[in-house]
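**Student:** Structure file final-v1.txt (compact mmCIF, N, CA, C and O atoms) is given on the next line.
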```
# COMPACT_ATOMS: atom_id res chain seq x y z
N MET A 130 98.32 -65.99 20.82
CA MET A 130 98.79 -65.28 22.00
C MET A 130 100.17 -65.78 22.37
O MET A 130 100.45 -66.96 22.37
N ALA A 131 101.04 -64.89 22.71
CA ALA A 131 102.42 -65.23 23.05
C ALA A 131 102.47 -65.93 24.40
O ALA A 131 101.72 -65.61 25.31
N ASP A 132 103.37 -66.87 24.52
CA ASP A 132 103.60 -67.56 25.78
C ASP A 132 104.26 -66.58 26.75
O ASP A 132 105.27 -65.96 26.43
N GLN A 133 103.70 -66.41 27.95
CA GLN A 133 104.21 -65.45 28.92
C GLN A 133 105.68 -65.65 29.24
O GLN A 133 106.39 -64.70 29.49
N GLU A 134 106.14 -66.91 29.26
CA GLU A 134 107.54 -67.18 29.58
C GLU A 134 108.48 -66.58 28.55
O GLU A 134 109.62 -66.28 28.85
N ASN A 135 108.02 -66.43 27.33
CA ASN A 135 108.89 -65.99 26.24
C ASN A 135 108.65 -64.55 25.85
O ASN A 135 108.99 -64.14 24.75
N THR A 136 108.04 -63.75 26.72
CA THR A 136 107.81 -62.35 26.39
C THR A 136 108.51 -61.46 27.41
O THR A 136 108.68 -61.83 28.57
N ILE A 137 108.93 -60.30 26.92
CA ILE A 137 109.52 -59.29 27.79
C ILE A 137 108.94 -57.94 27.42
O ILE A 137 108.44 -57.75 26.31
N VAL A 138 108.99 -57.01 28.34
CA VAL A 138 108.52 -55.65 28.10
C VAL A 138 109.73 -54.72 28.19
O VAL A 138 110.47 -54.75 29.17
N LEU A 139 109.93 -53.93 27.14
CA LEU A 139 111.00 -52.95 27.11
C LEU A 139 110.40 -51.56 27.09
O LEU A 139 109.35 -51.34 26.48
N THR A 140 111.06 -50.61 27.73
CA THR A 140 110.61 -49.23 27.76
C THR A 140 111.53 -48.41 26.87
O THR A 140 112.76 -48.46 27.02
N ASP A 141 110.91 -47.64 25.94
CA ASP A 141 111.72 -46.84 25.03
C ASP A 141 112.13 -45.51 25.68
O ASP A 141 111.81 -45.25 26.85
N ASP A 142 112.84 -44.68 24.93
CA ASP A 142 113.35 -43.41 25.44
C ASP A 142 112.25 -42.45 25.86
O ASP A 142 112.48 -41.53 26.65
N GLU A 143 111.05 -42.65 25.32
CA GLU A 143 109.92 -41.78 25.64
C GLU A 143 109.04 -42.33 26.76
O GLU A 143 107.98 -41.79 27.06
N GLY A 144 109.47 -43.44 27.37
CA GLY A 144 108.73 -44.02 28.48
C GLY A 144 107.61 -44.95 28.08
O GLY A 144 106.88 -45.44 28.94
N GLN A 145 107.46 -45.23 26.78
CA GLN A 145 106.41 -46.14 26.33
C GLN A 145 106.89 -47.58 26.43
O GLN A 145 108.04 -47.88 26.09
N GLU A 146 106.00 -48.46 26.88
CA GLU A 146 106.34 -49.87 27.02
C GLU A 146 105.95 -50.62 25.75
O GLU A 146 104.91 -50.35 25.15
N HIS A 147 106.81 -51.57 25.37
CA HIS A 147 106.58 -52.40 24.18
C HIS A 147 106.86 -53.84 24.57
O HIS A 147 107.89 -54.14 25.19
N GLU A 148 105.94 -54.73 24.19
CA GLU A 148 106.10 -56.14 24.52
C GLU A 148 106.71 -56.89 23.34
O GLU A 148 106.33 -56.66 22.19
N PHE A 149 107.65 -57.77 23.63
CA PHE A 149 108.35 -58.54 22.61
C PHE A 149 108.35 -60.01 22.95
O PHE A 149 108.38 -60.38 24.12
N VAL A 150 108.35 -60.85 21.93
CA VAL A 150 108.53 -62.28 22.07
C VAL A 150 110.02 -62.55 21.89
O VAL A 150 110.64 -62.06 20.94
N VAL A 151 110.60 -63.32 22.82
CA VAL A 151 111.99 -63.74 22.68
C VAL A 151 112.00 -64.93 21.73
O VAL A 151 111.57 -66.02 22.08
N VAL A 152 112.48 -64.70 20.52
CA VAL A 152 112.49 -65.73 19.48
C VAL A 152 113.63 -66.71 19.70
O VAL A 152 113.48 -67.92 19.54
N ASP A 153 114.79 -66.17 20.07
CA ASP A 153 115.96 -67.02 20.24
C ASP A 153 117.01 -66.27 21.05
O ASP A 153 116.97 -65.05 21.15
N ILE A 154 117.93 -67.03 21.61
CA ILE A 154 119.12 -66.49 22.26
C ILE A 154 120.31 -67.07 21.51
O ILE A 154 120.43 -68.29 21.38
N LEU A 155 121.16 -66.20 20.97
CA LEU A 155 122.33 -66.62 20.22
C LEU A 155 123.59 -66.45 21.06
O LEU A 155 123.73 -65.46 21.77
N ASN A 156 124.49 -67.39 20.93
CA ASN A 156 125.82 -67.27 21.52
C ASN A 156 126.79 -67.01 20.37
O ASN A 156 126.91 -67.83 19.47
N VAL A 157 127.45 -65.86 20.42
CA VAL A 157 128.41 -65.49 19.39
C VAL A 157 129.67 -64.99 20.09
O VAL A 157 129.63 -63.99 20.80
N GLU A 158 130.77 -65.71 19.88
CA GLU A 158 132.06 -65.31 20.44
C GLU A 158 131.99 -64.97 21.93
O GLU A 158 132.36 -63.89 22.37
N ASP A 159 131.45 -65.88 22.72
CA ASP A 159 131.37 -65.76 24.18
C ASP A 159 130.40 -64.68 24.67
O ASP A 159 130.41 -64.34 25.86
N ASP A 160 129.59 -64.11 23.80
CA ASP A 160 128.55 -63.16 24.20
C ASP A 160 127.19 -63.72 23.82
O ASP A 160 127.08 -64.53 22.90
N GLU A 161 126.14 -63.28 24.53
CA GLU A 161 124.78 -63.72 24.23
C GLU A 161 123.98 -62.55 23.68
O GLU A 161 124.16 -61.40 24.11
N TYR A 162 123.07 -62.88 22.75
CA TYR A 162 122.23 -61.88 22.11
C TYR A 162 120.80 -62.40 22.07
O TYR A 162 120.56 -63.58 21.80
N ALA A 163 119.85 -61.51 22.34
CA ALA A 163 118.43 -61.86 22.29
C ALA A 163 117.84 -61.40 20.96
O ALA A 163 118.04 -60.25 20.56
N ILE A 164 117.12 -62.30 20.30
CA ILE A 164 116.40 -61.98 19.07
C ILE A 164 114.95 -61.78 19.48
O ILE A 164 114.31 -62.69 20.02
N LEU A 165 114.41 -60.58 19.26
CA LEU A 165 113.08 -60.21 19.73
C LEU A 165 112.18 -59.80 18.57
O LEU A 165 112.63 -59.14 17.63
N LEU A 166 110.89 -60.17 18.66
CA LEU A 166 109.87 -59.72 17.71
C LEU A 166 108.76 -59.03 18.48
O LEU A 166 108.36 -59.50 19.55
N PRO A 167 108.23 -57.92 17.95
CA PRO A 167 107.14 -57.23 18.64
C PRO A 167 105.90 -58.11 18.75
O PRO A 167 105.55 -58.83 17.81
N VAL A 168 105.25 -58.09 19.89
CA VAL A 168 103.99 -58.82 20.10
C VAL A 168 102.88 -58.05 19.38
O VAL A 168 102.88 -56.83 19.34
N GLY A 169 101.95 -58.79 18.82
CA GLY A 169 100.79 -58.15 18.19
C GLY A 169 100.96 -57.86 16.71
O GLY A 169 100.09 -57.27 16.10
N THR A 170 102.07 -58.27 16.14
CA THR A 170 102.26 -58.10 14.71
C THR A 170 101.48 -59.19 14.01
O THR A 170 101.64 -60.36 14.31
N SER A 171 100.62 -58.81 13.08
CA SER A 171 99.81 -59.81 12.39
C SER A 171 100.66 -60.57 11.39
O SER A 171 101.75 -60.14 11.02
N ASP A 172 100.13 -61.70 10.93
CA ASP A 172 100.85 -62.53 9.97
C ASP A 172 101.08 -61.81 8.65
O ASP A 172 102.01 -62.14 7.92
N THR A 173 100.25 -60.83 8.33
CA THR A 173 100.39 -60.12 7.06
C THR A 173 101.38 -58.97 7.16
O THR A 173 101.85 -58.48 6.14
N GLU A 174 101.71 -58.55 8.36
CA GLU A 174 102.69 -57.48 8.55
C GLU A 174 104.09 -58.07 8.60
O GLU A 174 104.30 -59.13 9.17
N ALA A 175 105.02 -57.35 8.02
CA ALA A 175 106.41 -57.78 8.10
C ALA A 175 107.00 -57.25 9.40
O ALA A 175 107.18 -56.06 9.57
N ALA A 176 107.25 -58.16 10.32
CA ALA A 176 107.83 -57.76 11.60
C ALA A 176 109.34 -57.74 11.48
O ALA A 176 109.94 -58.66 10.94
N GLU A 177 109.94 -56.69 11.98
CA GLU A 177 111.39 -56.59 11.96
C GLU A 177 111.93 -57.01 13.32
O GLU A 177 111.54 -56.47 14.35
N ALA A 178 112.82 -57.98 13.30
CA ALA A 178 113.41 -58.47 14.54
C ALA A 178 114.33 -57.41 15.13
O ALA A 178 114.97 -56.64 14.42
N ILE A 179 114.39 -57.40 16.44
CA ILE A 179 115.31 -56.54 17.18
C ILE A 179 116.34 -57.45 17.83
O ILE A 179 115.98 -58.48 18.42
N VAL A 180 117.60 -57.09 17.73
CA VAL A 180 118.67 -57.88 18.31
C VAL A 180 119.37 -57.03 19.36
O VAL A 180 119.82 -55.93 19.07
N LEU A 181 119.41 -57.54 20.58
CA LEU A 181 120.05 -56.82 21.68
C LEU A 181 121.06 -57.73 22.37
O LEU A 181 120.84 -58.94 22.49
N LYS A 182 122.15 -57.14 22.82
CA LYS A 182 123.19 -57.88 23.53
C LYS A 182 122.77 -58.05 24.99
O LYS A 182 122.28 -57.13 25.62
N ILE A 183 122.97 -59.25 25.53
CA ILE A 183 122.65 -59.54 26.92
C ILE A 183 123.92 -59.34 27.73
O ILE A 183 124.97 -59.89 27.41
N GLY A 184 123.83 -58.54 28.76
CA GLY A 184 124.96 -58.30 29.63
C GLY A 184 124.52 -58.18 31.07
O GLY A 184 123.36 -58.43 31.40
N LEU A 185 125.44 -57.81 31.94
CA LEU A 185 125.16 -57.63 33.36
C LEU A 185 125.44 -56.19 33.74
O LEU A 185 126.44 -55.61 33.30
N ASP A 186 124.58 -55.63 34.60
CA ASP A 186 124.85 -54.29 35.12
C ASP A 186 125.76 -54.40 36.33
O ASP A 186 126.19 -55.49 36.71
N GLU A 187 126.04 -53.27 36.96
CA GLU A 187 126.98 -53.26 38.10
C GLU A 187 126.47 -54.05 39.30
O GLU A 187 127.25 -54.44 40.16
N ASP A 188 125.16 -54.32 39.35
CA ASP A 188 124.59 -55.11 40.45
C ASP A 188 124.48 -56.59 40.10
O ASP A 188 123.95 -57.37 40.89
N GLY A 189 124.91 -56.97 38.90
CA GLY A 189 124.85 -58.36 38.48
C GLY A 189 123.53 -58.78 37.87
O GLY A 189 123.29 -59.96 37.65
N ASN A 190 122.65 -57.81 37.58
CA ASN A 190 121.36 -58.10 36.95
C ASN A 190 121.52 -58.15 35.43
O ASN A 190 122.26 -57.35 34.86
N GLU A 191 120.77 -59.08 34.79
CA GLU A 191 120.80 -59.14 33.34
C GLU A 191 120.13 -57.91 32.75
O GLU A 191 119.06 -57.50 33.19
N VAL A 192 120.78 -57.33 31.75
CA VAL A 192 120.24 -56.18 31.03
C VAL A 192 120.48 -56.37 29.54
O VAL A 192 121.35 -57.15 29.13
N LEU A 193 119.70 -55.66 28.72
CA LEU A 193 119.84 -55.72 27.27
C LEU A 193 120.42 -54.41 26.77
O LEU A 193 120.00 -53.34 27.20
N TYR A 194 121.40 -54.53 25.87
CA TYR A 194 122.08 -53.37 25.32
C TYR A 194 121.94 -53.34 23.80
O TYR A 194 121.95 -54.40 23.16
N GLU A 195 121.88 -52.15 23.23
CA GLU A 195 121.95 -52.02 21.79
C GLU A 195 123.35 -52.36 21.34
O GLU A 195 124.32 -52.10 22.04
N ILE A 196 123.45 -52.93 20.15
CA ILE A 196 124.76 -53.24 19.56
C ILE A 196 125.20 -52.00 18.80
O ILE A 196 124.57 -51.61 17.82
N GLU A 197 126.29 -51.40 19.24
CA GLU A 197 126.75 -50.16 18.63
C GLU A 197 127.89 -50.36 17.65
O GLU A 197 128.12 -49.54 16.77
N ASP A 198 128.63 -51.45 17.80
CA ASP A 198 129.77 -51.72 16.93
C ASP A 198 129.30 -52.42 15.65
O ASP A 198 128.63 -53.46 15.71
N GLU A 199 129.64 -51.85 14.50
CA GLU A 199 129.18 -52.39 13.21
C GLU A 199 129.70 -53.80 12.95
O GLU A 199 128.98 -54.66 12.44
N ASP A 200 130.97 -54.06 13.29
CA ASP A 200 131.53 -55.40 13.10
C ASP A 200 130.82 -56.43 13.97
O ASP A 200 130.51 -57.55 13.52
N GLU A 201 130.54 -56.07 15.21
CA GLU A 201 129.82 -56.97 16.12
C GLU A 201 128.43 -57.25 15.57
O GLU A 201 127.97 -58.39 15.55
N TRP A 202 127.75 -56.19 15.10
CA TRP A 202 126.41 -56.33 14.52
C TRP A 202 126.45 -57.30 13.34
O TRP A 202 125.59 -58.17 13.21
N GLN A 203 127.45 -57.16 12.50
CA GLN A 203 127.56 -58.02 11.32
C GLN A 203 127.75 -59.48 11.71
O GLN A 203 127.14 -60.37 11.13
N ARG A 204 128.58 -59.75 12.72
CA ARG A 204 128.80 -61.12 13.19
C ARG A 204 127.50 -61.74 13.72
O ARG A 204 127.19 -62.89 13.44
N VAL A 205 126.75 -60.96 14.47
CA VAL A 205 125.49 -61.46 15.04
C VAL A 205 124.46 -61.69 13.94
O VAL A 205 123.76 -62.71 13.94
N ALA A 206 124.38 -60.77 12.98
CA ALA A 206 123.43 -60.92 11.87
C ALA A 206 123.75 -62.17 11.06
O ALA A 206 122.83 -62.92 10.67
N GLU A 207 125.03 -62.43 10.82
CA GLU A 207 125.42 -63.63 10.09
C GLU A 207 125.10 -64.90 10.88
O GLU A 207 124.63 -65.89 10.32
N ALA A 208 125.33 -64.87 12.19
CA ALA A 208 125.01 -66.02 13.04
C ALA A 208 123.51 -66.30 13.03
O ALA A 208 123.07 -67.45 12.98
N TRP A 209 122.69 -65.24 13.07
CA TRP A 209 121.24 -65.40 13.04
C TRP A 209 120.79 -65.96 11.70
O TRP A 209 119.97 -66.87 11.63
N ALA A 210 121.37 -65.45 10.60
CA ALA A 210 121.03 -65.96 9.26
C ALA A 210 121.39 -67.43 9.14
O ALA A 210 120.61 -68.23 8.59
N ASP A 211 122.55 -67.81 9.67
CA ASP A 211 122.95 -69.23 9.65
C ASP A 211 121.99 -70.08 10.47
O ASP A 211 121.62 -71.18 10.05
N ALA A 212 121.56 -69.59 11.62
CA ALA A 212 120.62 -70.34 12.47
C ALA A 212 119.29 -70.52 11.77
O ALA A 212 118.68 -71.58 11.84
N VAL A 213 118.82 -69.48 11.08
CA VAL A 213 117.55 -69.56 10.36
C VAL A 213 117.68 -70.57 9.21
O VAL A 213 116.78 -71.38 8.99
N ASP A 214 118.79 -70.50 8.49
CA ASP A 214 119.02 -71.45 7.38
C ASP A 214 119.04 -72.89 7.88
O ASP A 214 118.45 -73.78 7.25
N GLU A 215 119.69 -73.14 9.01
CA GLU A 215 119.73 -74.49 9.59
C GLU A 215 118.35 -74.97 9.98
O GLU A 215 118.01 -76.13 9.84
N GLY A 216 117.52 -74.04 10.49
CA GLY A 216 116.17 -74.39 10.92
C GLY A 216 115.26 -74.74 9.76
O GLY A 216 114.31 -75.50 9.90
N GLU A 217 115.56 -74.18 8.59
CA GLU A 217 114.73 -74.44 7.40
C GLU A 217 115.08 -75.75 6.74
O GLU A 217 114.32 -76.28 5.97
N GLU A 218 116.27 -76.29 7.03
CA GLU A 218 116.70 -77.54 6.38
C GLU A 218 116.06 -78.74 6.97
O GLU A 218 115.55 -78.89 7.96
```
Now, as a test, write the supplied structure out as C-alpha cells.
**Tutor:**
Amino acid sequence: MADQENTIVLTDDEGQEHEFVVVDILNVEDDEYAILLPVGTSDTEAAEAIVLKIGLDEDGNEVLYEIEDEDEWQRVAEAWADAVDEGEE
C-alpha cells in the first residue's frame, strides 16, 4: 500500500480521478519536476512513469503541468536516467 504522504490524485480530461505515487522530485535548470507512478500497478505490470512540471498558478498554489517542449522533456528524461543510474550504484 502506498504511503499517503507520497500519493496524489490527478483528474484527467474526462473527469476520472487517478492516484499516483510521487517517486521523486527532480530539480533541472531551476525548475522542479514530479516523477509519478500509477498506484495499483502490480509488480508484473510495466508501469510507465509520468513526469510533470511543478509550477505556481496565478494564486500562488502549486500545480502540475505537462511538459510540451521537446528539448525540456529531453533534459528532464536525461536527468531522471542519471538519477536512476546513481541510485543503482
**Student:** Could you please determine the separation between atom N of A:Trp209 and atom O of A:Asn190 in Å, to one decimal place?
**Tutor:** 23.2 Å
**Student:** Tell me which protein, DNA and RNA residues are within 9 Å of A:Val151, counting only C-alpha atoms, leaving out same-chain ones fewer than 6 positions away, and put them as a ChimeraX atom specification.
**Tutor:** /A:134-137,163-166
**Student:** Could you please determine the separation between atom CA of A:Ile183 and atom CA of A:Val157 in Å, to one decimal place?
**Tutor:**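 Separation between atom CA of A:Ile183 and atom CA of A:Val157: 11.2 Å.
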**Student:** Record the distance separating atom C of A:Asp141 and atom N of A:Val213, expressed in Å with one decimal.
**Tutor:**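 Computing it gives 28.9 Å between the two atoms.
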**Student:** Got a sec to tell me which of stretch 147-218 of chain A DSSP assigns to strand (DSSP E or B), as a ChimeraX atom specification?
**Tutor:** /A:147-157,160-167,179-185,191-194
**Student:** From the set A:Asp153, A:Asp160, A:Asp200, A:Glu143, which residue has the shortest atom-to-atom contact distance to A:Val180, counting all atoms listed in the file?
**Tutor:**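 Of A:Asp153, A:Asp160, A:Asp200, A:Glu143, the one nearest A:Val180 is A:Asp153, counting all atoms listed in the file.
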**Student:** Have stretch 147-158 of chain A completed to all heavy atoms, please, and pass it along as a PDB file, in the frame of the given file.
**Tutor:**
```pdb
ATOM      1  N   HIS A 147     106.810 -51.570  25.370  1.00  0.00           N
ATOM      2  CA  HIS A 147     106.580 -52.400  24.180  1.00  0.00           C
ATOM      3  C   HIS A 147     106.860 -53.840  24.570  1.00  0.00           C
ATOM      4  O   HIS A 147     107.890 -54.140  25.190  1.00  0.00           O
ATOM      5  CB  HIS A 147     107.517 -51.971  23.043  1.00  0.00           C
ATOM      6  CG  HIS A 147     107.400 -50.525  22.683  1.00  0.00           C
ATOM      7  ND1 HIS A 147     106.450 -50.055  21.805  1.00  0.00           N
ATOM      8  CD2 HIS A 147     108.097 -49.445  23.108  1.00  0.00           C
ATOM      9  CE1 HIS A 147     106.583 -48.740  21.695  1.00  0.00           C
ATOM     10  NE2 HIS A 147     107.575 -48.349  22.477  1.00  0.00           N
ATOM     11  N   GLU A 148     105.940 -54.730  24.190  1.00  0.00           N
ATOM     12  CA  GLU A 148     106.100 -56.140  24.520  1.00  0.00           C
ATOM     13  C   GLU A 148     106.710 -56.890  23.340  1.00  0.00           C
ATOM     14  O   GLU A 148     106.330 -56.660  22.190  1.00  0.00           O
ATOM     15  CB  GLU A 148     104.738 -56.741  24.876  1.00  0.00           C
ATOM     16  CG  GLU A 148     104.827 -58.126  25.462  1.00  0.00           C
ATOM     17  CD  GLU A 148     103.492 -58.628  25.987  1.00  0.00           C
ATOM     18  OE1 GLU A 148     102.464 -57.967  25.786  1.00  0.00           O
ATOM     19  OE2 GLU A 148     103.494 -59.707  26.597  1.00  0.00           O
ATOM     20  N   PHE A 149     107.650 -57.770  23.630  1.00  0.00           N
ATOM     21  CA  PHE A 149     108.350 -58.540  22.610  1.00  0.00           C
ATOM     22  C   PHE A 149     108.350 -60.010  22.950  1.00  0.00           C
ATOM     23  O   PHE A 149     108.380 -60.380  24.120  1.00  0.00           O
ATOM     24  CB  PHE A 149     109.808 -58.083  22.490  1.00  0.00           C
ATOM     25  CG  PHE A 149     109.969 -56.685  21.978  1.00  0.00           C
ATOM     26  CD1 PHE A 149     109.966 -55.612  22.846  1.00  0.00           C
ATOM     27  CD2 PHE A 149     110.107 -56.444  20.620  1.00  0.00           C
ATOM     28  CE1 PHE A 149     110.109 -54.321  22.385  1.00  0.00           C
ATOM     29  CE2 PHE A 149     110.249 -55.155  20.143  1.00  0.00           C
ATOM     30  CZ  PHE A 149     110.259 -54.088  21.029  1.00  0.00           C
ATOM     31  N   VAL A 150     108.350 -60.850  21.930  1.00  0.00           N
ATOM     32  CA  VAL A 150     108.530 -62.280  22.070  1.00  0.00           C
ATOM     33  C   VAL A 150     110.020 -62.550  21.890  1.00  0.00           C
ATOM     34  O   VAL A 150     110.640 -62.060  20.940  1.00  0.00           O
ATOM     35  CB  VAL A 150     107.729 -63.061  21.013  1.00  0.00           C
ATOM     36  CG1 VAL A 150     108.040 -64.546  21.076  1.00  0.00           C
ATOM     37  CG2 VAL A 150     106.250 -62.815  21.171  1.00  0.00           C
ATOM     38  N   VAL A 151     110.600 -63.320  22.820  1.00  0.00           N
ATOM     39  CA  VAL A 151     111.990 -63.740  22.680  1.00  0.00           C
ATOM     40  C   VAL A 151     112.000 -64.930  21.730  1.00  0.00           C
ATOM     41  O   VAL A 151     111.570 -66.020  22.080  1.00  0.00           O
ATOM     42  CB  VAL A 151     112.605 -64.109  24.049  1.00  0.00           C
ATOM     43  CG1 VAL A 151     114.052 -64.550  23.867  1.00  0.00           C
ATOM     44  CG2 VAL A 151     112.496 -62.946  25.023  1.00  0.00           C
ATOM     45  N   VAL A 152     112.480 -64.700  20.520  1.00  0.00           N
ATOM     46  CA  VAL A 152     112.490 -65.730  19.480  1.00  0.00           C
ATOM     47  C   VAL A 152     113.630 -66.710  19.700  1.00  0.00           C
ATOM     48  O   VAL A 152     113.480 -67.920  19.540  1.00  0.00           O
ATOM     49  CB  VAL A 152     112.599 -65.094  18.078  1.00  0.00           C
ATOM     50  CG1 VAL A 152     112.697 -66.146  17.000  1.00  0.00           C
ATOM     51  CG2 VAL A 152     111.427 -64.161  17.829  1.00  0.00           C
ATOM     52  N   ASP A 153     114.790 -66.170  20.070  1.00  0.00           N
ATOM     53  CA  ASP A 153     115.960 -67.020  20.240  1.00  0.00           C
ATOM     54  C   ASP A 153     117.010 -66.270  21.050  1.00  0.00           C
ATOM     55  O   ASP A 153     116.970 -65.050  21.150  1.00  0.00           O
ATOM     56  CB  ASP A 153     116.539 -67.386  18.865  1.00  0.00           C
ATOM     57  CG  ASP A 153     117.405 -68.639  18.883  1.00  0.00           C
ATOM     58  OD1 ASP A 153     117.595 -69.226  19.964  1.00  0.00           O
ATOM     59  OD2 ASP A 153     117.891 -69.022  17.805  1.00  0.00           O
ATOM     60  N   ILE A 154     117.930 -67.030  21.610  1.00  0.00           N
ATOM     61  CA  ILE A 154     119.120 -66.490  22.260  1.00  0.00           C
ATOM     62  C   ILE A 154     120.310 -67.070  21.510  1.00  0.00           C
ATOM     63  O   ILE A 154     120.430 -68.290  21.380  1.00  0.00           O
ATOM     64  CB  ILE A 154     119.208 -66.893  23.748  1.00  0.00           C
ATOM     65  CG1 ILE A 154     117.985 -66.434  24.531  1.00  0.00           C
ATOM     66  CG2 ILE A 154     120.500 -66.366  24.361  1.00  0.00           C
ATOM     67  CD1 ILE A 154     117.831 -64.946  24.676  1.00  0.00           C
ATOM     68  N   LEU A 155     121.160 -66.200  20.970  1.00  0.00           N
ATOM     69  CA  LEU A 155     122.330 -66.620  20.220  1.00  0.00           C
ATOM     70  C   LEU A 155     123.590 -66.450  21.060  1.00  0.00           C
ATOM     71  O   LEU A 155     123.730 -65.460  21.770  1.00  0.00           O
ATOM     72  CB  LEU A 155     122.509 -65.761  18.963  1.00  0.00           C
ATOM     73  CG  LEU A 155     121.507 -65.887  17.841  1.00  0.00           C
ATOM     74  CD1 LEU A 155     121.852 -64.891  16.745  1.00  0.00           C
ATOM     75  CD2 LEU A 155     121.495 -67.284  17.276  1.00  0.00           C
ATOM     76  N   ASN A 156     124.490 -67.390  20.930  1.00  0.00           N
ATOM     77  CA  ASN A 156     125.820 -67.270  21.520  1.00  0.00           C
ATOM     78  C   ASN A 156     126.790 -67.010  20.370  1.00  0.00           C
ATOM     79  O   ASN A 156     126.910 -67.830  19.470  1.00  0.00           O
ATOM     80  CB  ASN A 156     126.217 -68.549  22.252  1.00  0.00           C
ATOM     81  CG  ASN A 156     125.419 -68.728  23.511  1.00  0.00           C
ATOM     82  OD1 ASN A 156     125.425 -67.858  24.370  1.00  0.00           O
ATOM     83  ND2 ASN A 156     124.719 -69.835  23.620  1.00  0.00           N
ATOM     84  N   VAL A 157     127.450 -65.860  20.420  1.00  0.00           N
ATOM     85  CA  VAL A 157     128.410 -65.490  19.390  1.00  0.00           C
ATOM     86  C   VAL A 157     129.670 -64.990  20.090  1.00  0.00           C
ATOM     87  O   VAL A 157     129.630 -63.990  20.800  1.00  0.00           O
ATOM     88  CB  VAL A 157     127.847 -64.389  18.450  1.00  0.00           C
ATOM     89  CG1 VAL A 157     128.875 -64.013  17.396  1.00  0.00           C
ATOM     90  CG2 VAL A 157     126.538 -64.826  17.812  1.00  0.00           C
ATOM     91  N   GLU A 158     130.770 -65.710  19.880  1.00  0.00           N
ATOM     92  CA  GLU A 158     132.060 -65.310  20.440  1.00  0.00           C
ATOM     93  C   GLU A 158     131.990 -64.970  21.930  1.00  0.00           C
ATOM     94  O   GLU A 158     132.360 -63.890  22.370  1.00  0.00           O
ATOM     95  CB  GLU A 158     132.638 -64.148  19.639  1.00  0.00           C
ATOM     96  CG  GLU A 158     132.907 -64.497  18.192  1.00  0.00           C
ATOM     97  CD  GLU A 158     133.480 -63.340  17.401  1.00  0.00           C
ATOM     98  OE1 GLU A 158     133.838 -62.312  17.998  1.00  0.00           O
ATOM     99  OE2 GLU A 158     133.569 -63.474  16.179  1.00  0.00           O
TER     100      GLU A 158
END
```
